[in-house]
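Asks: Please find run16.txt (compact mmCIF, C-alpha atoms and all ligand atoms) on the next line:
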# COMPACT_ATOMS: atom_id res chain seq x y z
CA MET A 1 -17.33 39.29 -0.88
CA MET A 2 -15.30 42.30 -1.96
CA TYR A 3 -12.99 42.64 -4.91
CA GLY A 4 -9.88 44.88 -4.81
CA THR A 5 -6.13 44.96 -4.69
CA ILE A 6 -3.88 44.19 -1.78
CA SER A 7 -1.03 46.66 -1.31
CA ASP A 8 1.95 47.05 0.98
CA GLY A 9 2.11 50.83 1.17
CA SER A 10 2.17 52.00 -2.42
CA GLU A 11 3.29 48.61 -3.79
CA VAL A 12 0.48 46.48 -5.22
CA LEU A 13 1.00 42.80 -4.25
CA ASP A 14 -1.93 41.23 -6.09
CA GLU A 15 -5.57 41.49 -7.00
CA CYS A 16 -7.67 39.91 -4.29
CA MET A 17 -11.08 38.99 -2.97
CA ALA A 18 -11.94 39.38 0.68
CA VAL A 19 -14.82 37.69 2.45
CA LEU A 20 -16.18 38.34 5.90
CA MET A 21 -18.04 35.58 7.72
CA ARG A 22 -19.92 36.76 10.77
CA ALA A 23 -20.29 34.54 13.85
CA PRO A 24 -21.84 32.05 14.18
CA ALA A 25 -22.04 31.39 10.42
CA SER A 26 -18.41 30.36 10.03
CA TYR A 27 -16.28 27.24 10.36
CA THR A 28 -15.16 28.16 13.87
CA ARG A 29 -18.43 29.93 14.88
CA GLU A 30 -16.35 33.09 15.34
CA ASP A 31 -15.97 36.13 13.08
CA VAL A 32 -13.68 35.05 10.27
CA ALA A 33 -12.15 37.06 7.44
CA GLU A 34 -10.60 35.36 4.45
CA ILE A 35 -8.37 36.96 1.82
CA GLN A 36 -8.14 35.16 -1.50
CA VAL A 37 -5.20 35.87 -3.79
CA HIS A 38 -3.53 34.05 -6.66
CA GLY A 39 -1.85 30.90 -5.38
CA GLY A 40 1.80 31.54 -6.32
CA THR A 41 4.32 30.99 -3.52
CA GLN A 42 5.80 34.47 -3.71
CA VAL A 43 2.39 36.18 -3.70
CA LEU A 44 1.34 34.13 -0.68
CA ASN A 45 4.62 34.82 1.15
CA ARG A 46 4.29 38.57 0.66
CA VAL A 47 0.60 38.72 1.64
CA LEU A 48 1.27 36.57 4.70
CA ALA A 49 4.24 38.74 5.72
CA LEU A 50 2.04 41.82 5.32
CA CYS A 51 -0.72 40.34 7.53
CA LEU A 52 1.86 39.43 10.18
CA LYS A 53 3.31 42.95 10.02
CA LYS A 54 -0.19 44.35 10.61
CA GLY A 55 -0.59 42.32 13.79
CA ALA A 56 -1.92 38.91 12.74
CA ARG A 57 -0.25 35.73 13.98
CA MET A 58 0.18 32.34 12.35
CA ALA A 59 -2.45 29.77 13.25
CA GLU A 60 -1.26 26.74 15.13
CA ALA A 61 -1.61 23.30 13.57
CA GLY A 62 -5.32 22.45 13.50
CA GLU A 63 -6.25 25.67 15.33
CA PHE A 64 -9.33 26.43 13.22
CA THR A 65 -10.74 22.96 13.71
CA ARG A 66 -9.83 23.04 17.40
CA ARG A 67 -11.76 26.29 17.76
CA ALA A 68 -14.70 24.75 15.90
CA PHE A 69 -14.61 21.91 18.45
CA LEU A 70 -14.21 24.18 21.49
CA ASN A 71 -17.09 26.38 20.27
CA GLY A 72 -19.30 23.31 20.05
CA ARG A 73 -19.72 23.27 16.28
CA ILE A 74 -18.32 19.76 15.81
CA ASP A 75 -17.44 16.88 18.12
CA LEU A 76 -13.90 15.56 18.34
CA SER A 77 -14.47 12.58 16.04
CA ARG A 78 -15.74 14.96 13.34
CA ALA A 79 -12.75 17.23 13.82
CA GLU A 80 -10.47 14.25 13.25
CA ALA A 81 -12.51 13.27 10.22
CA VAL A 82 -11.56 16.59 8.63
CA MET A 83 -7.92 15.66 8.98
CA SER A 84 -8.48 12.14 7.61
CA LEU A 85 -10.37 13.58 4.69
CA ILE A 86 -7.57 15.98 3.78
CA SER A 87 -4.92 13.29 4.03
CA ALA A 88 -6.96 10.39 2.55
CA ARG A 89 -4.84 8.47 0.06
CA GLY A 90 -7.36 5.82 -0.92
CA GLU A 91 -11.02 6.01 -1.89
CA GLN A 92 -12.07 3.77 1.01
CA GLU A 93 -10.25 6.04 3.45
CA ARG A 94 -11.97 9.09 1.97
CA ARG A 95 -15.38 7.42 2.24
CA ALA A 96 -14.72 6.40 5.85
CA ALA A 97 -13.69 9.98 6.66
CA VAL A 98 -16.88 11.40 5.12
CA ARG A 99 -19.02 8.97 7.13
CA GLN A 100 -17.18 10.01 10.26
CA MET A 101 -17.56 13.69 9.36
CA GLU A 102 -21.28 13.22 8.83
CA GLY A 103 -21.42 11.99 12.41
CA GLY A 104 -21.54 8.20 11.98
CA THR A 105 -18.96 7.63 14.70
CA ALA A 106 -20.38 10.20 17.10
CA ILE A 107 -23.96 8.96 16.77
CA PHE A 108 -22.92 5.37 17.43
CA VAL A 109 -20.85 6.38 20.46
CA ARG A 110 -23.58 8.60 21.94
CA GLU A 111 -26.22 5.88 21.55
CA THR A 112 -23.96 3.35 23.23
CA SER A 113 -23.12 5.83 25.93
CA GLU A 114 -26.85 6.45 26.58
CA LYS A 115 -27.41 2.72 27.04
CA LEU A 116 -24.51 2.60 29.45
CA TYR A 117 -25.94 5.56 31.41
CA ALA A 118 -29.20 3.64 31.71
CA LEU A 119 -27.32 0.69 33.21
CA GLN A 120 -25.47 3.02 35.57
CA ALA A 121 -28.77 4.54 36.66
CA GLY A 122 -30.21 1.06 37.25
CA LEU A 123 -27.20 0.19 39.36
CA ALA A 124 -27.52 3.40 41.38
CA ALA A 125 -31.18 2.58 42.09
CA CYS A 126 -30.20 -0.88 43.22
CA ILE A 127 -27.61 0.58 45.60
CA ASP A 128 -29.89 3.32 46.94
CA TYR A 129 -33.05 1.21 47.38
CA PRO A 130 -31.83 -2.19 48.54
CA GLU A 131 -35.23 -2.98 50.03
CA GLU A 132 -36.93 -2.64 46.63
CA ILE A 133 -34.37 -4.22 44.33
CA SER A 134 -32.39 -7.18 45.58
CA ASP A 135 -28.71 -7.58 44.75
CA GLU A 136 -29.47 -10.67 42.66
CA GLU A 137 -32.16 -8.90 40.68
CA GLY A 138 -29.94 -5.84 40.14
CA ALA A 139 -26.98 -7.97 39.13
CA GLY A 140 -29.12 -9.99 36.73
CA GLN A 141 -30.40 -6.91 34.88
CA LEU A 142 -26.96 -5.36 34.78
CA ARG A 143 -25.37 -8.54 33.47
CA GLU A 144 -27.85 -8.76 30.60
CA GLY A 145 -27.35 -5.13 29.67
CA LEU A 146 -23.57 -5.42 29.83
CA GLU A 147 -23.48 -8.50 27.65
CA GLU A 148 -25.53 -6.73 25.01
CA LEU A 149 -23.34 -3.61 25.12
CA ILE A 150 -20.17 -5.67 24.77
CA ARG A 151 -21.67 -7.48 21.78
CA THR A 152 -22.63 -4.19 20.10
CA LEU A 153 -19.20 -2.69 20.62
CA GLN A 154 -17.37 -5.78 19.50
CA GLU A 155 -19.33 -5.95 16.29
CA ALA A 156 -18.20 -2.40 15.62
CA ILE A 157 -14.54 -3.25 16.09
CA ASP A 158 -13.02 -4.74 12.99
CA GLN A 159 -9.32 -4.12 13.41
CA ARG A 160 -8.38 -5.73 10.14
CA SER A 161 -10.75 -3.67 7.98
CA ALA A 162 -9.87 -0.52 9.89
CA ARG A 163 -6.18 -1.02 9.35
CA LEU A 164 -6.59 -1.80 5.66
CA ILE A 165 -8.67 1.34 5.18
CA HIS A 166 -6.29 3.46 7.21
CA ASP A 167 -2.89 2.03 6.30
CA GLY A 168 -3.45 0.00 3.13
CA MET A 169 -2.35 -3.60 2.62
CA ARG A 170 1.32 -4.58 2.69
CA VAL A 171 2.26 -7.44 0.39
CA THR A 172 5.82 -8.76 0.40
CA LEU A 173 7.25 -10.89 -2.42
CA PHE A 174 9.91 -13.23 -1.12
CA GLY A 175 11.75 -16.38 -2.07
CA ASN A 176 15.02 -17.75 -3.44
CA PRO A 177 17.26 -15.61 -5.64
CA ASN A 178 16.42 -15.60 -9.37
CA VAL A 179 12.86 -16.96 -9.07
CA GLY A 180 11.47 -13.79 -10.69
CA LYS A 181 10.34 -11.64 -7.74
CA SER A 182 11.48 -8.39 -9.31
CA SER A 183 10.03 -9.38 -12.69
CA LEU A 184 6.67 -10.00 -10.99
CA LEU A 185 6.79 -6.69 -9.12
CA ASN A 186 7.43 -4.85 -12.38
CA ALA A 187 4.71 -6.74 -14.23
CA LEU A 188 2.16 -6.09 -11.47
CA LEU A 189 3.05 -2.40 -11.31
CA GLY A 190 3.25 -2.07 -15.09
CA GLN A 191 6.51 -0.23 -14.59
CA GLU A 192 10.20 -1.20 -14.66
CA LYS A 193 10.75 -0.34 -11.02
CA ALA A 194 13.20 -3.06 -9.92
CA ILE A 195 16.30 -4.19 -11.77
CA VAL A 196 15.96 -7.63 -13.37
CA THR A 197 18.92 -9.76 -14.50
CA ASP A 198 19.62 -13.48 -14.73
CA ILE A 199 22.28 -13.10 -12.01
CA PRO A 200 21.05 -14.48 -8.66
CA GLY A 201 21.35 -11.81 -5.97
CA THR A 202 20.38 -8.90 -8.24
CA THR A 203 18.05 -7.21 -5.77
CA ARG A 204 19.99 -5.96 -2.76
CA ASP A 205 17.56 -3.55 -1.15
CA THR A 206 13.79 -3.74 -0.79
CA VAL A 207 11.88 -2.04 -3.63
CA ASP A 208 8.37 -0.71 -3.08
CA GLY A 209 5.49 0.05 -5.39
CA GLU A 210 1.85 0.97 -4.85
CA ILE A 211 -1.34 -0.08 -6.62
CA THR A 212 -4.98 0.43 -5.68
CA PHE A 213 -7.73 -2.18 -5.64
CA GLU A 214 -11.34 -1.25 -4.86
CA GLY A 215 -10.14 1.86 -3.08
CA ILE A 216 -7.63 -0.01 -0.90
CA ARG A 217 -3.96 0.82 -1.39
CA VAL A 218 -1.73 -2.20 -1.84
CA TYR A 219 1.96 -1.68 -1.11
CA LEU A 220 4.07 -4.26 -2.91
CA THR A 221 7.57 -4.90 -1.62
CA ASP A 222 10.14 -6.79 -3.65
CA THR A 223 12.93 -8.21 -1.52
CA ALA A 224 16.44 -9.56 -1.91
CA GLY A 225 16.43 -13.32 -2.58
CA LEU A 226 16.96 -15.24 0.65
CA ARG A 227 20.25 -17.13 0.79
CA GLU A 228 23.37 -17.54 2.89
CA THR A 229 25.93 -15.13 1.50
CA GLU A 230 29.39 -13.79 2.24
CA ASP A 231 28.66 -10.50 0.46
CA PRO A 232 28.13 -7.91 3.24
CA ILE A 233 25.77 -5.78 1.11
CA GLU A 234 23.61 -8.71 0.12
CA ARG A 235 23.55 -9.86 3.74
CA ILE A 236 22.04 -6.54 4.82
CA GLY A 237 19.54 -6.92 1.96
CA VAL A 238 18.55 -10.39 3.21
CA GLU A 239 18.09 -8.94 6.70
CA ARG A 240 15.80 -6.25 5.24
CA SER A 241 13.82 -8.94 3.42
CA ARG A 242 13.17 -10.66 6.73
CA ASN A 243 12.02 -7.39 8.31
CA ALA A 244 9.67 -6.65 5.40
CA LEU A 245 8.20 -10.11 5.88
CA LYS A 246 7.54 -9.48 9.54
CA ASN A 247 5.49 -6.37 8.71
CA ALA A 248 3.57 -7.87 5.80
CA ASP A 249 -0.19 -8.39 5.81
CA ILE A 250 0.37 -10.93 3.08
CA ALA A 251 3.58 -12.79 2.29
CA LEU A 252 3.81 -14.12 -1.27
CA LEU A 253 6.26 -16.99 -1.55
CA ILE A 254 7.59 -17.00 -5.11
CA LEU A 255 8.80 -20.34 -6.51
CA ASP A 256 10.48 -21.03 -9.83
CA GLY A 257 8.28 -23.61 -11.59
CA SER A 258 11.16 -24.76 -13.78
CA ARG A 259 13.10 -25.97 -10.74
CA GLU A 260 12.58 -28.48 -7.98
CA ILE A 261 11.56 -27.06 -4.60
CA SER A 262 14.64 -26.82 -2.36
CA MET A 263 14.87 -27.76 1.30
CA GLU A 264 14.71 -24.10 2.42
CA GLU A 265 11.68 -23.51 0.21
CA TRP A 266 9.79 -26.42 1.81
CA GLU A 267 10.54 -24.87 5.18
CA ARG A 268 9.31 -21.46 4.04
CA LEU A 269 6.18 -23.06 2.62
CA ALA A 270 5.51 -24.74 5.95
CA SER A 271 5.81 -21.44 7.82
CA LEU A 272 3.28 -19.47 5.71
CA ARG A 273 0.16 -18.19 7.48
CA LYS A 274 -3.32 -18.89 6.11
CA GLU A 275 -3.65 -15.39 4.60
CA ASP A 276 -0.36 -15.79 2.67
CA ALA A 277 -0.08 -17.31 -0.80
CA VAL A 278 2.30 -19.08 -3.18
CA ILE A 279 3.13 -18.03 -6.72
CA ILE A 280 4.73 -20.55 -9.05
CA ASN A 281 6.47 -18.41 -11.65
CA LYS A 282 7.97 -19.17 -15.08
CA SER A 283 5.02 -21.24 -16.30
CA ASP A 284 6.31 -20.66 -19.85
CA LEU A 285 9.21 -23.04 -19.15
CA GLU A 286 9.08 -26.79 -18.65
CA GLN A 287 7.53 -27.36 -15.19
CA LYS A 288 9.27 -29.28 -12.39
CA THR A 289 7.15 -27.73 -9.63
CA THR A 290 3.37 -27.47 -9.92
CA GLU A 291 0.42 -26.56 -7.72
CA GLU A 292 0.10 -30.30 -7.03
CA THR A 293 3.63 -30.34 -5.57
CA VAL A 294 2.78 -27.44 -3.26
CA LYS A 295 -0.50 -29.07 -2.23
CA THR A 296 1.31 -32.16 -0.91
CA LEU A 297 2.46 -29.95 1.98
CA ARG A 298 -0.09 -27.13 2.07
CA ASP A 299 -3.49 -27.63 0.52
CA ASP A 300 -4.92 -24.79 2.60
CA LEU A 301 -3.06 -22.03 0.76
CA ARG A 302 -3.94 -20.06 -2.34
CA CYS A 303 -1.45 -21.15 -5.03
CA MET A 304 -1.20 -19.47 -8.45
CA THR A 305 0.80 -20.48 -11.50
CA VAL A 306 1.93 -17.54 -13.61
CA SER A 307 4.61 -16.22 -15.91
CA ALA A 308 6.02 -12.77 -15.31
CA LEU A 309 6.57 -12.61 -19.08
CA ASP A 310 2.82 -13.06 -19.74
CA PRO A 311 0.86 -10.14 -18.23
CA GLY A 312 -2.46 -11.95 -18.83
CA SER A 313 -1.45 -14.72 -16.43
CA LEU A 314 -1.22 -12.20 -13.59
CA ARG A 315 -4.96 -11.58 -13.61
CA LYS A 316 -5.44 -14.22 -10.89
CA VAL A 317 -2.84 -12.51 -8.69
CA ARG A 318 -4.70 -9.21 -9.01
CA GLU A 319 -7.95 -11.00 -8.23
CA PHE A 320 -6.33 -12.50 -5.12
CA PHE A 321 -5.25 -8.99 -4.00
CA ARG A 322 -8.72 -7.66 -4.62
CA LYS A 323 -10.31 -10.43 -2.52
CA SER A 324 -7.75 -10.05 0.26
CA ALA A 325 -8.39 -6.31 0.37
CA GLU A 326 -12.15 -6.70 0.84
CA VAL A 327 -13.23 -4.72 3.85
CA ASN A 328 -16.33 -4.07 5.82
CA ASP A 329 -16.92 -0.54 4.54
CA HIS A 330 -19.60 0.47 7.02
CA LEU A 331 -17.36 0.61 10.02
CA ALA A 332 -18.18 3.00 12.83
CA PHE A 333 -14.50 3.15 13.76
CA THR A 334 -11.48 3.29 11.49
CA GLN A 335 -9.13 5.55 13.42
CA PRO A 336 -6.58 3.92 15.72
CA ARG A 337 -7.39 6.39 18.51
CA HIS A 338 -11.07 5.49 18.43
CA LEU A 339 -10.40 1.77 18.24
CA ASP A 340 -8.13 2.03 21.24
CA ALA A 341 -10.82 3.84 23.23
CA VAL A 342 -13.52 1.32 22.26
CA GLU A 343 -11.28 -1.56 23.25
CA ARG A 344 -10.68 0.04 26.63
CA ALA A 345 -14.44 0.51 27.05
CA VAL A 346 -14.99 -3.19 26.28
CA PHE A 347 -12.24 -4.14 28.71
CA HIS A 348 -13.93 -2.23 31.55
CA LEU A 349 -17.36 -3.61 30.70
CA ARG A 350 -15.88 -7.11 30.89
CA GLU A 351 -14.25 -6.28 34.21
CA ALA A 352 -17.64 -5.11 35.46
CA LEU A 353 -19.16 -8.43 34.39
CA ARG A 354 -16.44 -10.33 36.25
CA THR A 355 -17.01 -8.23 39.34
CA LEU A 356 -20.71 -9.13 39.29
CA ASP A 357 -19.77 -12.81 39.51
CA ILE A 358 -17.71 -12.44 42.64
CA MET A 359 -18.87 -9.29 44.45
CA THR A 360 -21.92 -7.18 45.15
CA PRO A 361 -23.20 -5.10 42.18
CA ASP A 362 -22.06 -1.76 43.64
CA MET A 363 -18.44 -2.86 43.11
CA ALA A 364 -19.03 -2.74 39.34
CA ALA A 365 -19.75 0.99 39.36
CA VAL A 366 -16.13 2.06 38.93
CA ASP A 367 -15.62 0.01 35.80
CA LEU A 368 -18.88 1.25 34.31
CA GLN A 369 -17.65 4.80 34.78
CA GLU A 370 -14.25 3.95 33.25
CA ALA A 371 -16.04 2.54 30.21
CA GLN A 372 -18.15 5.68 30.00
CA ASN A 373 -15.00 7.83 30.14
CA ALA A 374 -13.32 5.85 27.38
CA LEU A 375 -16.35 6.34 25.10
CA GLY A 376 -16.40 10.04 25.98
CA GLU A 377 -12.84 10.42 24.72
CA ILE A 378 -13.97 9.56 21.20
CA THR A 379 -16.48 12.35 20.84
CA GLY A 380 -14.58 14.70 23.09
CA ASP A 381 -17.33 14.77 25.72
CA ARG A 382 -14.56 13.92 28.13
CA VAL A 383 -11.21 15.32 27.15
CA ASP A 384 -8.25 16.99 28.69
CA GLU A 385 -5.83 19.45 27.11
CA LYS A 386 -3.23 16.73 26.57
CA LEU A 387 -5.61 14.68 24.45
CA LEU A 388 -6.61 17.74 22.41
CA ASP A 389 -2.96 18.62 21.81
CA ALA A 390 -2.29 15.08 20.63
CA VAL A 391 -5.26 15.11 18.26
CA PHE A 392 -4.71 18.54 16.75
CA SER A 393 -0.92 18.41 16.47
CA GLY A 394 -1.45 15.98 13.57
CA PHE A 395 -3.27 18.69 11.59
CA CYS A 396 -1.55 20.97 9.16
CA VAL A 397 -1.38 24.67 9.83
CA GLY A 398 -4.41 26.57 8.58
CA LYS A 399 -6.93 23.73 8.89
N1 LIG A 401 11.22 -17.71 -18.74
C1 LIG A 401 10.93 -16.90 -17.72
N2 LIG A 401 11.93 -16.17 -17.16
C2 LIG A 401 11.63 -15.35 -16.13
C3 LIG A 401 10.31 -15.24 -15.64
N3 LIG A 401 10.33 -14.36 -14.61
C4 LIG A 401 11.61 -13.95 -14.47
N4 LIG A 401 12.39 -14.54 -15.40
C5 LIG A 401 13.83 -14.38 -15.56
O1 LIG A 401 14.47 -14.86 -14.39
C6 LIG A 401 15.64 -14.10 -14.10
C7 LIG A 401 15.59 -13.56 -12.69
O2 LIG A 401 14.51 -12.65 -12.59
P1 LIG A 401 14.43 -11.57 -11.41
O3 LIG A 401 13.09 -10.94 -11.52
O4 LIG A 401 15.61 -10.69 -11.39
O5 LIG A 401 14.49 -12.55 -10.17
P2 LIG A 401 14.54 -12.19 -8.61
O6 LIG A 401 13.76 -13.22 -7.89
O7 LIG A 401 14.15 -10.77 -8.40
O8 LIG A 401 16.07 -12.41 -8.28
P3 LIG A 401 16.98 -11.75 -7.12
O9 LIG A 401 16.75 -10.28 -7.14
O10 LIG A 401 18.34 -12.13 -7.52
O11 LIG A 401 16.57 -12.40 -5.84
C8 LIG A 401 15.69 -13.00 -15.17
O12 LIG A 401 16.54 -13.41 -16.19
C9 LIG A 401 14.25 -12.93 -15.65
O13 LIG A 401 14.14 -12.46 -16.98
C10 LIG A 401 9.29 -16.02 -16.27
O14 LIG A 401 8.11 -15.99 -15.89
N5 LIG A 401 9.66 -16.83 -17.30
MG MG A 402 15.14 -9.25 -7.63
Before we go any further, please render this structure as structure tokens.
Replies:
Amino acid sequence: MMYGTISDGSEVLDECMAVLMRAPASYTREDVAEIQVHGGTQVLNRVLALCLKKGARMAEAGEFTRRAFLNGRIDLSRAEAVMSLISARGEQERRAAVRQMEGGTAIFVRETSEKLYALQAGLAACIDYPEEISDEEGAGQLREGLEELIRTLQEAIDQRSARLIHDGMRVTLFGNPNVGKSSLLNALLGQEKAIVTDIPGTTRDTVDGEITFEGIRVYLTDTAGLRETEDPIERIGVERSRNALKNADIALLILDGSREISMEEWERLASLRKEDAVIINKSDLEQKTTEETVKTLRDDLRCMTVSALDPGSLRKVREFFRKSAEVNDHLAFTQPRHLDAVERAVFHLREALRTLDIMTPDMAAVDLQEAQNALGEITGDRVDEKLLDAVFSGFCVGK
């Protein structure tokens, strides 16, 4: 590493360090030179302009990592892990990216792929030497192998955990106007994010906040109270509430404990899914609705009695979030692209199994190869330019 100044003609731009990394001991396995200057925007702009003037060109998005892949230094799943690592917003996502970068995904895929090659070889032998291996015998061995492969792959697919790690958990607070949704959002966030008043219909637009539990990001959305209204602004708000509900991992129905449950609220209660929950708010007031009331209709749901005015009472809500956000944190696959490829592989393996039931074993060969191709897409053993463009276009320039 050399120390010096960087100058445009006689004008000194900055002090700098320059380092030369000789192939193959560099990130891309090519000769790489790096200039290090102070990080101010203007310094960087001038130094960059100078390099461009001297004949350099800007790197494309992800170009360094793409070169590292093309030069065989890393497989495609590791290249993507670099991107996940840089953009990780939660601790779980960072950990998953490191595992992937250390090769967890690639090793799993290559092992599975080897097993599949063995089955393909067995099938080829059965086709080529019909006098030595009968169709029934060949089909029997293949069926056993396929069933085991499908089991292994399916155990590795945990869509829910993968999505929570990758996208976080979306929780939507909904219910009648004035039940205390915004007060609860603020209390959970520890921040006066949403406007609270005693006027029903205060919240018009959805309000979002983010908290982290055990390394999983939880996005809380406060919504406009659901009611029939003539007010055009509030009506749009109610529409947005319904959309937020559709996209929620967990819907939290908020009830006002100091009031009787209304007809619409019973209906909403009935429509909750098993992962949703009920919060009875305003426990500091005289109670007309209790957990017992809710249980008469739904005893399968988590129901919590709290007061937005008493932060201590919200501990159980936080605990509920923490439990709901529990994930299998040793997943081989967390990236949507990989999950999609694994699911396609499983689909073709299943098709191959079905073929064995109704046709001669040789007819299964095509599906076995399709499954092999899908697995190859993950590590990049089988890729085309289009796939590479799609993967690397998500990178930022200079990575
Ligand atoms: N006593 C008591 N009052 C509460 C509690 N939570 C909220 N409130 C009051 O209830 C009123 C409505 O609270 P908000 O949080 O604005 O209710 P909201 O559900 O967001 O209402 P909209 O936005 O109109 O749908 C306010 O006056 C709050 O101070 C509580 O736990 N106890
Ligand atoms: Mg509100």
Asks: Hey, which residues come within 9 Å of ligand MG 402 (chain A) if we count only C-alpha atoms and all ligand atoms? Could you give them as a list in words?
Replies: Pro177, Asn178, Val179, Gly180, Lys181, Ser182, Ser183, Leu185, Ala194, Ile195, Val196, Thr197, Pro200, Gly201, Thr202, Thr203, Arg204, Asp205, Thr206, Val207, Asp222, Thr223, Ala224 and Gly225 of chain A
Asks: Considering only C-alpha atoms and all ligand atoms, state which residue in the set A:Lys282, A:Arg66, A:Arg78, A:Arg337 is at the smallest distance from ligand LIG 401 (chain A).
Replies: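 Among A:Lys282, A:Arg66, A:Arg78, A:Arg337, it is A:Lys282 that comes nearest to ligand LIG 401 (chain A).
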Asks: Measuring atom to atom with only C-alpha atoms and all ligand atoms, identify which of A:Ile280, A:Val43, A:Ala365, A:Ile127 is nearest to ligand LIG 401 (chain A).
Replies: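 Ranked by minimum distance to ligand LIG 401 (chain A), first place goes to A:Ile280.
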Asks: Report as a ChimeraX atom specification all protein, DNA and RNA residues lying within 10 Å of Arg143 in chain A, evaluated on only C-alpha atoms, omitting residues in the same chain fewer than 6 positions from it.
Replies: /A:119,137,149,349-350,352-354,356-357,361
Asks: Between CA of Glu275 in chain A and atom O14 of ligand LIG 401 (chain A), what is the spacing in Å?
Replies: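 Computing the Euclidean distance for atom O14 of ligand LIG 401 (chain A) and CA of Glu275 in chain A yields 23.6 Å.
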Asks: For Phe213 in chain A, which residue among A:Glu63, A:Glu319, A:Asp340, A:Asp8 is the nearest when counting only C-alpha atoms?
Replies: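 Smallest separation from Phe213 in chain A among the options: A:Glu319.
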Asks: Find the axis-aligned box for range 169-172 of chain A, covering all its listed atoms and adding 5 Å on each side, and write its centre and edge lengths in Å to one decimal as AutoDock Vina command-line options.
Replies:
--center_x 1.7 --center_y -6.2 --center_z 1.5 --size_x 18.2 --size_y 15.2 --size_z 12.3
Asks: Would you mind telling me which residue in A:Thr105, A:Ala139, A:Ala61, A:Leu220 lies nearest to Leu123 in chain A when using only C-alpha atoms?
Replies: A:Ala139
Asks: Using all atoms listed in the file, pick whichever of A:Val37, A:Leu339, A:Val32, A:Leu188 has the shortest atom-to-atom distance to Ser307 in chain A.
Replies: A:Leu188
Asks: Between A:Tyr3, A:Trp266, A:Gly72, A:Arg322, which has the minimum distance to Thr296 in chain A (counting only C-alpha atoms)?
Replies: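 With only C-alpha atoms as the atom set, the closest residue is A:Trp266.
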Asks: One number please: CA of Ile6 in chain A to CA of Ala18 in chain A, in Å, one decimal.
Replies: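 Atom-to-atom, CA of Ile6 in chain A to CA of Ala18 in chain A, that is 9.7 Å.
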Asks: Please provide as a compact mmCIF listing (two decimals) with C-alpha atoms, keeping the file's coordinate frame all residues within 9 Å of Gln372 in chain A, with the sequence filter that same-chain residues fewer than 4 positions apart are discarded (counting all atoms listed in the file).
Replies:
# COMPACT_ATOMS: atom_id res chain seq x y z
CA SER A 113 -23.12 5.83 25.93
CA LEU A 116 -24.51 2.60 29.45
CA TYR A 117 -25.94 5.56 31.41
CA ALA A 345 -14.44 0.51 27.05
CA ASP A 367 -15.62 0.01 35.80
CA LEU A 368 -18.88 1.25 34.31
CA GLY A 376 -16.40 10.04 25.98
CA GLU A 377 -12.84 10.42 24.72
Asks: Interatomic distance between CA of Phe69 in chain A and CA of Gly39 in chain A?
Replies: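 Atom-to-atom, CA of Phe69 in chain A to CA of Gly39 in chain A, that is 28.5 Å.
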